[in-house]
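Single-structure report; data block below.
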Amino acid sequence: MSRSGRFAAWWPGGGADPGEGHEPDPRFTFANERTFLAWSRTALALVIAGLGIVQLLPPFPRVPIGRHLLGVPLIVLGAVLAIVAYGEWVRNQRALRRGDPLPRSVMPWILAATVAGIAVISAIVLLISALR
């Protein structure tokens, strides 16, 4: 599939043809939508947490960019999760229509790896700022 074809598959009305496959049980469609909304809430919470860290947290002694080291990755992760959540919703909806098995999601791995990375950065920033 071409790059533009992949992009069109993510866009509203650009995914699976509504005439393709069969209409899935509404419970599965609603469950897929609830999952998308849950990932969207998580993305929004990450963006807000990142903004709160950068704007409201007092500066770390000896680490002037500490707030940005912690907050900016959370904001970026929130943006990535928001975009990937829509792609996951489209892929799952397409699989439901076709009767295919649901594709594996990469989102839990992305979230877990980034949160672990932020924890390590947090520990380093705190240790450096404690060396007074």
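For the structure tokens, the naming scheme is as follows: chains receive sequential letters (A, B, ...) according to their order of presentation, residues are indexed from 1 within each chain, and ligands are indexed from 1 in presentation order.
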
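Excluding Leu77 of chain A itself and same-chain residues fewer than 5 positions from it, the residues having an atom within 9 Å of it are Ala43, Leu46, Val47, Val72, Ala82, Ile110, Leu111 and Thr114 of chain A, counting only C-alpha atoms.
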
Residues as selected, C-alpha atoms, written as a tab-separated table (two decimals), in the first residue's frame, can you do that?
```tsv
chain	number	residue	atom	x	y	z
A	43	ALA	CA	-3.16	11.23	26.29
A	46	LEU	CA	-0.17	13.19	30.02
A	47	VAL	CA	-0.21	16.52	28.19
A	72	VAL	CA	8.35	17.74	27.63
A	82	ALA	CA	-3.61	10.63	20.77
A	110	ILE	CA	4.92	2.72	24.24
A	111	LEU	CA	3.29	3.94	27.44
A	114	THR	CA	8.10	6.09	28.25
```

Counting only C-alpha atoms, which residues of segment 73-106 of chain A fall within 12 Å of segment 22-27 of chain A, and what is the closest atom pair for each with its distance in Å at one decimal, ordered by chain and rising number, as CSV?
```
residue,atom,partner,partner_atom,distance
A:Asn92,CA,A:Pro24,CA,11.1
A:Gln93,CA,A:Pro24,CA,8.6
A:Arg94,CA,A:Pro24,CA,9.8
A:Ala95,CA,A:Pro24,CA,9.6
A:Leu96,CA,A:Pro24,CA,6.0
A:Arg97,CA,A:His22,CA,5.2
A:Arg98,CA,A:His22,CA,6.6
A:Gly99,CA,A:His22,CA,8.0
A:Asp100,CA,A:Pro24,CA,11.2
```

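For the atom pair formed by atom CA of Gly50 of chain A and atom CA of Ile65 of chain A, the distance is 13.6 Å, given to one decimal.
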
Please indicate the distance in Å from atom CA of Ala45 of chain A to atom CA of Arg91 of chain A, rounded to one decimal place.
23.9 Å

Using only C-alpha atoms, which protein or nucleic acid residues come within 9 Å of His68 of chain A? Drop anything in the same chain fewer than 5 positions from it, and give the result as a list of chain:residue names.
A:Gly50, A:Ile53, A:Val54, A:Pro73

Any chance you could export the current selection's N, CA and C atoms as a PDB file, in the first residue's frame?
```
ATOM      1  N   GLY A  50       2.451  17.088  31.852  1.00  0.00           N
ATOM      2  CA  GLY A  50       3.678  17.700  31.343  1.00  0.00           C
ATOM      3  C   GLY A  50       3.650  19.211  31.448  1.00  0.00           C
ATOM      4  N   ILE A  53       4.067  20.194  35.123  1.00  0.00           N
ATOM      5  CA  ILE A  53       5.453  20.064  35.581  1.00  0.00           C
ATOM      6  C   ILE A  53       6.292  21.235  35.102  1.00  0.00           C
ATOM      7  N   VAL A  54       6.168  21.566  33.829  1.00  0.00           N
ATOM      8  CA  VAL A  54       6.993  22.641  33.265  1.00  0.00           C
ATOM      9  C   VAL A  54       6.608  23.997  33.850  1.00  0.00           C
ATOM     10  N   PRO A  73       8.842  15.292  27.622  1.00  0.00           N
ATOM     11  CA  PRO A  73       8.544  13.937  27.137  1.00  0.00           C
ATOM     12  C   PRO A  73       7.100  13.503  27.417  1.00  0.00           C
TER      13      PRO A  73
END
```

List every residue of segment 17-103 of chain A that DSSP, applied to the backbone of this structure, assigns to alpha helix (DSSP H), and report them as a ChimeraX atom specification.
/A:26-56,66-98

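Atom CA of Val90 of chain A sits 9.9 Å away from atom CA of Glu33 of chain A.
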
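With distances restricted to only C-alpha atoms, A:Ile118 is the closest residue to Gly71 of chain A from A:Met107, A:Ala31, A:Leu102, A:Ile118.
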
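Nearest residue to Ser105 of chain A, choosing from A:Leu81, A:Ile48, A:Val63, A:Val76 and counting only C-alpha atoms: A:Leu81.
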
Find, counting only C-alpha atoms, the residue in A:Leu70, A:Leu37, A:Leu57, A:Leu51 that gets nearest to Ala123 of chain A.
A:Leu70

Contacts of Phe36 of chain A within 8 Å, only C-alpha atoms, excl. fewer than 3 positions in-chain, as a count of residues only
8

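Of the listed residues (A:Gln55, A:Leu44, A:Val84, A:Arg34), A:Val84 comes nearest to Pro108 of chain A; the distances count only C-alpha atoms.
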